[in-house]
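Asker: Below is the structure I would like to discuss, written out as structure tokens.
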Amino acid sequence: MGSGMRRYESLLFKLFYFLLSATILYFIVAPVVSVFVYGLTSADGVGLSEQILPRVWRHMKNSLLVGGTVTLLATAFGLFASLALWRLRFVGRGLMRILVLMPLISPPFVGSVAFIMLFGKRGLITHTLLGFEVSPYGFYGIVTMQTIGLATLAYLVISSAIQKTDVTHEDAARSLGASEAQIFRTITLPLMVPEITVAAMLVFLASLSDFSTPIIIGGGFQTLASDLYIQINGLYNMRTAAISGMFLLLPCAAAFFIQRYYSGRNPVYSQAVSADVIEYQRVSRGVKTVLIFITSLFILFVLLQYAFIIVGAFTERWGYDYSFTLRHFQTIITKESAPFINTVKLAIPVGIISSLLGVLLAYIIKSKQYVMSRQIDFLATLPAAIPGILLGIGYLVTFRYPLLGAGRFYLTDLDPIILLGTGIIIYLICIYRYLYVGMKAGYALMEHLNPNLEIAAMNLGAGERRIFIDIIFPLLKPAFSAAFLKNFTSSMTTLGAIIFLLLPKNKVAVQQIFTIMTSSEIGAAAMMALMLSLLSLVLLALFQLLLNFKALAEYIQEVRQWGSNSRQSTKHTGG
Amino acid sequence: MNRKKWLALVMSLVMLFGLAGCSKSADTTKETTAYVGQDWSSDNYNESLKNTVLNLYGVSDIVRPTLDAFEQDTGIKVEHLTLQNAEILQRLINEGQAGVSIADIWWTGGADTFIDGAQKGLLIPYKSPSGEVLADNMKDANGYWHGTSLTIVNWVVNKDLVAKKGLKMPETWDDLLQPGLKGEVSMPNPASSGTAYNVITSMLEVKGEEAGWKYLEQLIGQIPFFPARGSDPANLVVQGEAIVGINASNGDRDLEMNNAHIALVYPKDGTGWWPQPVAIVKGTKNEQAAKVFVDWLLSKRGMEAIAKDRNAAVARLDVARPEGIIDINTIKLFATDFKANAEKRDTILAEWARLMAAAGR
């Protein structure tokens, strides 16, 4: 019976894999191909074809410049913050672990406006306090805003894997007399290559496909993605947009393959299944200070942004009249509440489903040798490289046909199964668009899981399903948590991709912020951003409570012990 | 019941069954007498339309109070979705081809987009009786769209910075060339925004072709960069990043009222304008209710609501102008000639590119 059961379970995994792969082809590849075909065959294009390539090349250079710089900075920040917050022990660490995640829950364009109001030509800090009159628009503005936003993503990926650090190698080296610097350079850093490269790749892709930051703060400096947005929304030129989109895929594909090449080279597995104490016991004061300083600096920037949001939300007029008012609050509450509810209804299922599917897929691709898994990996990552607006149009042009889009050439009379105009399509685009986040977070973690673990469990008679549920999934939980955090918050604040699919009755809150933003209502926009952030925060706290009830209890225990007995190093063993 | 009524009943039953698979839009319930409300009337309205829900696409979020007033008067509810011009056009094209009807009406946006939409066959022509009083340049000759509020090119000026820097408050287009405003004027990029392109053509109309280009050449020297969207210059001025922003205004009195440091200025030597239309989307299943909406919106009652809620000048002349909104009779206004603009687009953008290149941009 045991082997029959096992075969059945193996079949179950295979079935799941093939079904998910088929839907990836259907909900990612088909729309992407469709939008390119649609763009290239579209008659809307203004006949400036001889100007398209120079234009693409000019913006491509800008994209690579921004992408490269942001990748370096954000990944470095993510790494430093991960080391500081997970491998050092200091007062205020718990609070900082929460604060460092704050950029996730603020709508992206609010950050840019905050930056302008604080560091702009007449910004509070640069002009009013320091007397400068320097325009923040351009390359530096984009790099600063993207770095702040994406360092959090890098931190999320790196820190979710750092929790599984195996310190036995380090301890071994230490007992052999290696210095801490040597250990870090030759052991710790090489061990972290998977998560660092995954983080760097995700940051690079996100930077390249981000169109809202350059639009808001780029001034005369635009990237390929923002130019693509301008082509669509300003010039109604789908052809140039489609060509830009295809060129955008080139550096992204390169990043994908470079990452895969580097991460798979030297697998070093962690022996530890449970979370050991991974904090450095002997680290020089200087290094500790530097790490904490860099992390604090980053958090300071984040806090400044929130200070702007809070002050802006409760004062008459940022920069001119700081008297307290509830005017903006009243403005917001008289608006419809339905968009807020719709936002939550979208973000929670999308966060859970896309993260779960992503982590599952990561597990299957890494641990089972199914056919085409490398290709599926690549295709599922595709949406990371594509500006949301382009994927949105892809959905619009693909799923306007009956039978979920398949009936393009036949069955043209069968209206009932057209996805366009239904609410489901919005869930689908978000789920498939964010699938890669769980997948990549899963990979980074899986690199540290010893495959022998599974073999051992199998030898002890456990079925694949049992292995997954009892062994693998608990180990992958940090990846799921990280992905959920990212996907939930992304869905709360996404606009570009779903704008083509929303219905008047299910519009989302971020849209109102965007409209308020473009109408110069800074106070009302700040209030709206504040409420959206608070809503995200409350929901995330609830979710974390549910997912990590045990860990939380342990954490409280730890804090108590630490408070009462701060001298003694506490050793706790987690589940 | 007399014979005529019986006949009508039988006829309507036949039509009802005959059209059962089609749509509710068939005018089976149409009454011959117009419904007359306070300051509005509609041939298409009757009580059975109450609780109908209309879906609306548009570029403005400030339409909600007007839609609520409409619901109060008619019992017809309107759900609105705010998008950008190009997004609306993309959606209507694709939804039309799919036979998926989401939007019934389209209200607010650039008139050029509506003209484009009418040419692409996305709209239903409807010559509303309420629209008869509108001037010819406020509406489409075939009834595809009618203008509601007006978009007027104006300047958003940061008064504080003008005073602080000892500058002359700009009154004419030439005032934007004063040396103190170097690097402090903002204008959207005509090569990346439809609105901005209309702004450029307005300036060419005010100044005349030749003098216009000469002026633009000098103006380019004053402008540090050209943001992508038509709404950006106003934001830059409010944030203090620029002192004067050339803006396509749909009223925007809120800017002035909410920001003590901001003034809206209309160039004394003339400026361009275009209407913000309303249209019925082809494929709507609520054509009758959509017509009621157009009738209502174009009536005195509707336009008064728009003028009040959007703080904008409107297409009807019998509606009082909201306080603080420029009396369009006191400035030289040039109606944007969309047809000519579309034809000249490549030439104008090429000349623009040449000036930019000459200025080293």
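By convention here, the chains of the structure tokens are called A, B, ... in the order presented, each chain's residues are numbered starting at 1, and ligands are numbered starting at 1 in the order presented.
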Counting only C-alpha atoms, collect the residues of chain B whose closest atom lies at most 9 Å from chain A, and write them out as a CSV table (one decimal) with N, CA and C atoms, in the first residue's frame.
Answerer:
chain,number,residue,atom,x,y,z
B,55,ASN,N,-22.7,52.9,-16.3
B,55,ASN,CA,-21.2,52.9,-16.0
B,55,ASN,C,-20.6,54.0,-16.8
B,56,LEU,N,-19.7,54.7,-16.2
B,56,LEU,CA,-19.1,55.9,-16.9
B,56,LEU,C,-17.6,55.8,-16.8
B,57,TYR,N,-16.9,56.1,-18.0
B,57,TYR,CA,-15.5,56.3,-18.0
B,57,TYR,C,-15.2,57.8,-18.1
B,59,VAL,N,-11.9,61.0,-17.2
B,59,VAL,CA,-10.5,61.3,-16.7
B,59,VAL,C,-10.6,62.0,-15.3
B,60,SER,N,-11.7,62.4,-14.9
B,60,SER,CA,-11.8,63.3,-13.7
B,60,SER,C,-12.5,62.5,-12.6
B,61,ASP,N,-12.0,62.7,-11.4
B,61,ASP,CA,-12.6,62.2,-10.2
B,61,ASP,C,-13.6,63.1,-9.6
B,64,ARG,N,-18.1,63.1,-9.2
B,64,ARG,CA,-19.0,62.4,-8.3
B,64,ARG,C,-20.2,63.2,-7.8
B,79,GLU,N,-22.1,54.7,-11.9
B,79,GLU,CA,-20.8,54.3,-11.3
B,79,GLU,C,-19.7,54.8,-12.2
B,80,HIS,N,-18.7,55.5,-11.6
B,80,HIS,CA,-17.7,56.0,-12.5
B,80,HIS,C,-16.3,55.4,-12.3
B,81,LEU,N,-15.5,55.3,-13.3
B,81,LEU,CA,-14.2,54.8,-13.3
B,81,LEU,C,-13.2,55.9,-13.9
B,82,THR,N,-12.2,56.2,-13.1
B,82,THR,CA,-11.3,57.3,-13.6
B,82,THR,C,-10.1,56.7,-14.3
B,83,LEU,N,-9.9,57.1,-15.5
B,83,LEU,CA,-8.8,56.5,-16.3
B,83,LEU,C,-8.1,57.7,-17.0
B,84,GLN,N,-7.1,57.4,-17.8
B,84,GLN,CA,-6.5,58.5,-18.6
B,84,GLN,C,-7.1,58.3,-20.0
B,85,ASN,N,-6.9,59.4,-20.8
B,85,ASN,CA,-7.5,59.4,-22.1
B,85,ASN,C,-7.2,58.2,-22.9
B,86,ALA,N,-5.9,57.9,-23.0
B,86,ALA,CA,-5.4,56.8,-23.8
B,86,ALA,C,-6.0,55.5,-23.3
B,87,GLU,N,-6.0,55.4,-22.0
B,87,GLU,CA,-6.5,54.1,-21.4
B,87,GLU,C,-8.0,53.9,-21.8
B,88,ILE,N,-8.8,55.0,-21.8
B,88,ILE,CA,-10.2,54.9,-22.1
B,88,ILE,C,-10.3,54.4,-23.6
B,89,LEU,N,-9.5,55.1,-24.5
B,89,LEU,CA,-9.6,54.7,-25.9
B,89,LEU,C,-9.2,53.2,-26.1
B,90,GLN,N,-8.1,52.8,-25.5
B,90,GLN,CA,-7.7,51.4,-25.6
B,90,GLN,C,-8.8,50.5,-25.1
B,91,ARG,N,-9.4,50.8,-24.0
B,91,ARG,CA,-10.4,49.9,-23.4
B,91,ARG,C,-11.6,49.9,-24.3
B,94,ASN,N,-11.0,47.7,-27.5
B,94,ASN,CA,-11.0,46.3,-27.2
B,94,ASN,C,-12.3,45.8,-26.7
B,95,GLU,N,-13.0,46.5,-25.8
B,95,GLU,CA,-14.2,46.1,-25.3
B,95,GLU,C,-15.3,46.0,-26.4
B,97,GLN,N,-14.6,45.5,-29.6
B,97,GLN,CA,-14.4,44.3,-30.5
B,97,GLN,C,-14.8,43.0,-29.8
B,98,ALA,N,-14.7,43.0,-28.5
B,98,ALA,CA,-15.0,41.8,-27.7
B,98,ALA,C,-16.5,41.6,-27.6
B,99,GLY,N,-17.3,42.7,-27.8
B,99,GLY,CA,-18.7,42.7,-27.6
B,99,GLY,C,-19.0,42.8,-26.1
B,100,VAL,N,-18.0,43.2,-25.3
B,100,VAL,CA,-18.2,43.3,-23.9
B,100,VAL,C,-18.6,44.7,-23.6
B,101,SER,N,-19.8,44.9,-23.0
B,101,SER,CA,-20.2,46.3,-22.7
B,101,SER,C,-19.9,46.6,-21.2
B,102,ILE,N,-19.0,47.5,-21.0
B,102,ILE,CA,-18.8,47.9,-19.6
B,102,ILE,C,-19.2,49.3,-19.4
B,103,ALA,N,-18.7,50.2,-20.3
B,103,ALA,CA,-19.1,51.6,-20.1
B,103,ALA,C,-20.3,51.9,-20.9
B,191,ALA,N,5.7,66.5,-27.3
B,191,ALA,CA,6.0,65.2,-28.0
B,191,ALA,C,5.6,64.0,-27.1
B,192,SER,N,5.1,64.3,-25.9
B,192,SER,CA,4.7,63.1,-25.1
B,192,SER,C,3.4,63.2,-24.5
B,193,SER,N,2.6,64.3,-24.7
B,193,SER,CA,1.3,64.4,-24.1
B,193,SER,C,0.4,65.1,-25.1
B,194,GLY,N,-0.8,64.5,-25.2
B,194,GLY,CA,-1.8,65.1,-26.1
B,194,GLY,C,-2.2,66.5,-25.7
B,195,THR,N,-2.4,66.6,-24.3
B,195,THR,CA,-2.8,67.9,-23.8
B,195,THR,C,-1.7,68.9,-24.1
B,224,PRO,N,13.5,74.4,-17.6
B,224,PRO,CA,14.5,73.4,-17.3
B,224,PRO,C,14.3,72.0,-17.9
B,225,PHE,N,13.1,71.5,-17.8
B,225,PHE,CA,12.8,70.2,-18.4
B,225,PHE,C,11.3,70.2,-18.7
B,226,PHE,N,10.9,69.3,-19.6
B,226,PHE,CA,9.6,69.2,-20.0
B,226,PHE,C,8.9,67.9,-19.5
B,227,PRO,N,8.1,68.0,-18.5
B,227,PRO,CA,7.5,66.8,-17.9
B,227,PRO,C,6.5,66.1,-18.9
B,228,ALA,N,6.3,64.9,-18.6
B,228,ALA,CA,5.5,64.1,-19.6
B,228,ALA,C,4.1,64.4,-19.7
B,229,ARG,N,3.5,64.7,-18.5
B,229,ARG,CA,2.0,64.7,-18.5
B,229,ARG,C,1.5,66.2,-18.4
B,231,SER,N,-0.7,67.4,-16.5
B,231,SER,CA,-1.0,67.8,-15.2
B,231,SER,C,0.2,68.1,-14.4
B,232,ASP,N,1.4,67.8,-14.9
B,232,ASP,CA,2.7,68.0,-14.1
B,232,ASP,C,3.0,69.4,-13.8
B,234,ALA,N,1.4,72.1,-13.1
B,234,ALA,CA,0.6,72.6,-12.0
B,234,ALA,C,1.2,72.1,-10.7
B,235,ASN,N,1.4,70.8,-10.7
B,235,ASN,CA,2.0,70.1,-9.5
B,235,ASN,C,3.3,70.7,-9.1
B,236,LEU,N,4.2,70.9,-10.1
B,236,LEU,CA,5.5,71.5,-9.9
B,236,LEU,C,5.4,72.9,-9.2
B,238,VAL,N,2.8,74.1,-7.5
B,238,VAL,CA,2.3,74.0,-6.1
B,238,VAL,C,3.4,73.5,-5.2
B,239,GLN,N,4.3,72.6,-5.6
B,239,GLN,CA,5.4,72.1,-4.8
B,239,GLN,C,6.6,73.1,-4.7
B,240,GLY,N,6.5,74.1,-5.5
B,240,GLY,CA,7.6,75.1,-5.4
B,240,GLY,C,8.8,74.8,-6.3
B,241,GLU,N,8.6,73.8,-7.1
B,241,GLU,CA,9.7,73.4,-8.0
B,241,GLU,C,9.8,74.3,-9.2
B,242,ALA,N,8.7,75.0,-9.5
B,242,ALA,CA,8.7,76.0,-10.6
B,242,ALA,C,7.8,77.2,-10.2
B,252,ASP,N,-10.0,74.1,-11.9
B,252,ASP,CA,-8.8,74.2,-11.1
B,252,ASP,C,-8.9,75.3,-10.0
B,254,ASP,N,-9.9,75.0,-7.2
B,254,ASP,CA,-9.5,74.4,-6.0
B,254,ASP,C,-8.0,74.7,-5.7
B,255,LEU,N,-7.2,74.7,-6.7
B,255,LEU,CA,-5.8,75.0,-6.5
B,255,LEU,C,-5.6,76.3,-5.8
B,258,ASN,N,-7.3,76.2,-2.1
B,258,ASN,CA,-6.7,75.4,-1.1
B,258,ASN,C,-5.2,75.8,-0.9
B,259,ASN,N,-4.7,76.6,-1.8
B,259,ASN,CA,-3.3,77.0,-1.7
B,259,ASN,C,-3.2,78.5,-1.7
B,260,ALA,N,-2.8,79.1,-0.5
B,260,ALA,CA,-2.7,80.5,-0.4
B,260,ALA,C,-1.7,81.1,-1.4
B,261,HIS,N,-0.7,80.3,-1.7
B,261,HIS,CA,0.5,80.8,-2.5
B,261,HIS,C,0.3,80.7,-4.0
B,346,ASP,N,2.7,66.1,-37.4
B,346,ASP,CA,4.0,65.7,-37.7
B,346,ASP,C,4.9,66.9,-37.9
Asker: Give me the residues within 6 Å of stretch 139-149 of chain B as a PDB file with C-alpha atoms, in the first residue's frame, counting only C-alpha atoms and dropping any in the same chain fewer than 4 places off.
Answerer:
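What follows is the written file selection-v2.pdb:
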ATOM      1  CA  PRO B 125     -24.593  59.659 -32.229  1.00  0.00           C
ATOM      2  CA  TYR B 126     -27.352  61.355 -30.274  1.00  0.00           C
ATOM      3  CA  LYS B 127     -28.462  64.905 -30.897  1.00  0.00           C
ATOM      4  CA  PRO B 275     -14.522  71.484 -24.588  1.00  0.00           C
ATOM      5  CA  GLN B 276     -14.723  68.436 -22.314  1.00  0.00           C
ATOM      6  CA  PRO B 277     -17.313  66.281 -24.039  1.00  0.00           C
ATOM      7  CA  VAL B 278     -19.899  63.708 -23.075  1.00  0.00           C
ATOM      8  CA  ALA B 279     -20.773  60.789 -25.362  1.00  0.00           C
ATOM      9  CA  ALA B 313     -16.667  77.502 -17.174  1.00  0.00           C
ATOM     10  CA  VAL B 314     -19.307  75.503 -19.042  1.00  0.00           C
ATOM     11  CA  ALA B 315     -20.545  75.267 -22.606  1.00  0.00           C
TER      12      ALA B 315
END
Asker: Neighbouring residues of B:Pro267 were defined as those with any atom within 9 Å, considering only C-alpha atoms; residues of the same chain fewer than 4 positions away were excluded. Please report them as a list in words.
Answerer: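 In the requested form, the answer reads Val153, Asn154, Trp155, Pro170, Glu171, Thr172, Trp173, Thr271, Ile331 and Lys332 of chain B.
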Asker: For the selection just defined, write its residues with N, CA and C atoms to a file, as a PDB file, in the first residue's frame.
Answerer:
ATOM      1  N   VAL B 153      -6.396  76.980 -21.504  1.00  0.00           N
ATOM      2  CA  VAL B 153      -4.963  77.027 -21.194  1.00  0.00           C
ATOM      3  C   VAL B 153      -4.690  78.255 -20.326  1.00  0.00           C
ATOM      4  N   ASN B 154      -4.121  78.039 -19.157  1.00  0.00           N
ATOM      5  CA  ASN B 154      -3.801  79.166 -18.276  1.00  0.00           C
ATOM      6  C   ASN B 154      -2.478  78.917 -17.579  1.00  0.00           C
ATOM      7  N   TRP B 155      -2.115  79.795 -16.657  1.00  0.00           N
ATOM      8  CA  TRP B 155      -0.879  79.622 -15.904  1.00  0.00           C
ATOM      9  C   TRP B 155      -1.207  79.419 -14.436  1.00  0.00           C
ATOM     10  N   PRO B 170       3.225  87.669 -14.138  1.00  0.00           N
ATOM     11  CA  PRO B 170       3.014  87.560 -15.585  1.00  0.00           C
ATOM     12  C   PRO B 170       1.577  87.881 -15.993  1.00  0.00           C
ATOM     13  N   GLU B 171       1.441  88.649 -17.048  1.00  0.00           N
ATOM     14  CA  GLU B 171       0.116  88.982 -17.571  1.00  0.00           C
ATOM     15  C   GLU B 171      -0.019  88.562 -19.029  1.00  0.00           C
ATOM     16  N   THR B 172       1.072  88.745 -19.783  1.00  0.00           N
ATOM     17  CA  THR B 172       1.038  88.339 -21.185  1.00  0.00           C
ATOM     18  C   THR B 172       2.078  87.240 -21.394  1.00  0.00           C
ATOM     19  N   TRP B 173       1.971  86.576 -22.529  1.00  0.00           N
ATOM     20  CA  TRP B 173       2.895  85.473 -22.807  1.00  0.00           C
ATOM     21  C   TRP B 173       4.345  85.940 -22.748  1.00  0.00           C
ATOM     22  N   THR B 271      -5.627  83.040 -25.283  1.00  0.00           N
ATOM     23  CA  THR B 271      -5.224  81.680 -24.965  1.00  0.00           C
ATOM     24  C   THR B 271      -6.154  80.694 -25.671  1.00  0.00           C
ATOM     25  N   ILE B 331     -11.336  87.622 -22.348  1.00  0.00           N
ATOM     26  CA  ILE B 331     -10.038  87.300 -22.946  1.00  0.00           C
ATOM     27  C   ILE B 331     -10.251  86.790 -24.370  1.00  0.00           C
ATOM     28  N   LYS B 332      -9.185  86.925 -25.141  1.00  0.00           N
ATOM     29  CA  LYS B 332      -9.255  86.401 -26.498  1.00  0.00           C
ATOM     30  C   LYS B 332      -9.098  84.892 -26.418  1.00  0.00           C
TER      31      LYS B 332
END
Asker: Have a look at B:Ile76, B:Val63, B:Lys282, B:Lys159 and name the one nearest to B:Glu47; count only C-alpha atoms.
Answerer: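 Result for the nearest residue to B:Glu47: B:Ile76.
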Asker: Neighbours of B:Leu219 within 9 Å (only C-alpha atoms; same-chain residues fewer than 5 positions away dropped), as a compact mmCIF listing (two decimals) with N, CA and C atoms, in the first residue's frame?
Answerer:
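Below is the file that was written, out-v4.txt:
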# COMPACT_ATOMS: atom_id res chain seq x y z
N ASP B 174 4.60 87.19 -23.18
CA ASP B 174 5.98 87.68 -23.18
C ASP B 174 6.55 87.82 -21.78
N LEU B 176 6.56 85.71 -19.59
CA LEU B 176 7.21 84.46 -19.18
C LEU B 176 8.69 84.46 -19.56
N LEU B 177 9.08 85.43 -20.41
CA LEU B 177 10.47 85.47 -20.86
C LEU B 177 11.34 86.32 -19.95
N VAL B 185 10.07 78.18 -15.31
CA VAL B 185 8.82 77.98 -16.05
C VAL B 185 8.69 76.50 -16.37
N LYS B 214 9.02 81.70 -33.00
CA LYS B 214 10.10 82.51 -32.44
C LYS B 214 9.96 82.60 -30.93
Asker: Residues near B:Asn311, anyone? I mean within 10 Å using only C-alpha atoms, not counting same-chain ones fewer than 5 positions away, as number ranges by chain.
Answerer: B: 62, 149, 250-254, 304-306, 321-325
Asker: Please measure the separation of atom CA of A:Gly442 and atom CA of A:Leu476, giving the value in Å to one decimal.
Answerer: 6.5 Å
Asker: Just how far from atom CA of A:Leu65 is atom CA of A:Leu208, in Å to one decimal?
Answerer: 9.8 Å
Asker: Give me, as a PyMOL selection string, the residues of stretch 40-226 of chain A that a backbone DSSP run labels alpha helix (DSSP H).
Answerer: chain A and resi 40-41+49-87+93-99+108-119+139-162+168-175+180-183+189-191+193-209+212-217+224-226
Asker: Interatomic distance between atom CA of B:Ile152 and atom CA of B:Ala263?
Answerer: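 Going from atom CA of B:Ile152 over to atom CA of B:Ala263, I get 15.0 Å.
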Asker: Could you check which of A:Gly78, A:Pro190, A:Gly245, A:Pro31 is closest to A:Ser160, using only C-alpha atoms?
Answerer: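 Checking each of A:Gly78, A:Pro190, A:Gly245, A:Pro31 against A:Ser160, counting only C-alpha atoms, the winner is A:Gly78.
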Asker: Report as number ranges by chain all protein, DNA and RNA residues lying within 10 Å of B:Thr74, evaluated on only C-alpha atoms, omitting residues in the same chain fewer than 2 positions from it.
Answerer: B: 37, 45-47, 49-52, 68-72, 76-77, 289, 292-293, 296
Asker: Point out the residue among B:Ser202, B:Gln38, B:Gln222, B:Thr336 with the least atom-to-atom distance to B:Asp112, counting only C-alpha atoms.
Answerer: B:Thr336
Asker: Give me every strand (DSSP E or B) residue in stretch 90-330 of chain B, going by DSSP on the backbone, as a PyMOL selection string.
Answerer: chain B and resi 105-107+123-124+139+146-158+185-186+244-249+262-265+271-281+314
Asker: Excluding A:Thr147 and its own-chain neighbours fewer than 6 positions away, which residues fall within 10 Å of it when counting only C-alpha atoms? Please give them as a list of chain:residue names.
Answerer: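 With the cut-off at 10 Å, the set is A:Val66, A:Gly67, A:Thr69, A:Val70, A:Thr71, A:Leu72, A:Leu73, A:Ala74, A:Thr75, A:Phe77, A:Gly78, A:Gly141, A:Leu153, A:Ala154, A:Val203, A:Ser207, A:Phe298.
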Asker: Let me see the file: selected residues, C-alpha atoms, as a short mmCIF file (atom, residue, chain, number, x, y, z; two decimals), in the first residue's frame.
Answerer:
data_model
loop_
_atom_site.label_atom_id
_atom_site.label_comp_id
_atom_site.auth_asym_id
_atom_site.auth_seq_id
_atom_site.Cartn_x
_atom_site.Cartn_y
_atom_site.Cartn_z
CA VAL A 66 19.55 53.55 -13.24
CA GLY A 67 19.04 49.79 -12.97
CA THR A 69 23.14 51.80 -9.75
CA VAL A 70 19.94 50.93 -7.93
CA THR A 71 20.78 47.23 -7.95
CA LEU A 72 24.15 47.89 -6.34
CA LEU A 73 22.82 50.30 -3.74
CA ALA A 74 19.59 48.51 -2.88
CA THR A 75 21.20 45.06 -2.65
CA PHE A 77 21.40 48.12 1.80
CA GLY A 78 19.38 44.93 1.92
CA GLY A 141 15.91 61.53 -7.85
CA LEU A 153 12.62 43.98 -1.42
CA ALA A 154 16.30 43.01 -1.23
CA VAL A 203 15.81 44.62 -7.76
CA SER A 207 13.97 48.97 -11.42
CA PHE A 298 17.96 53.87 5.76
#
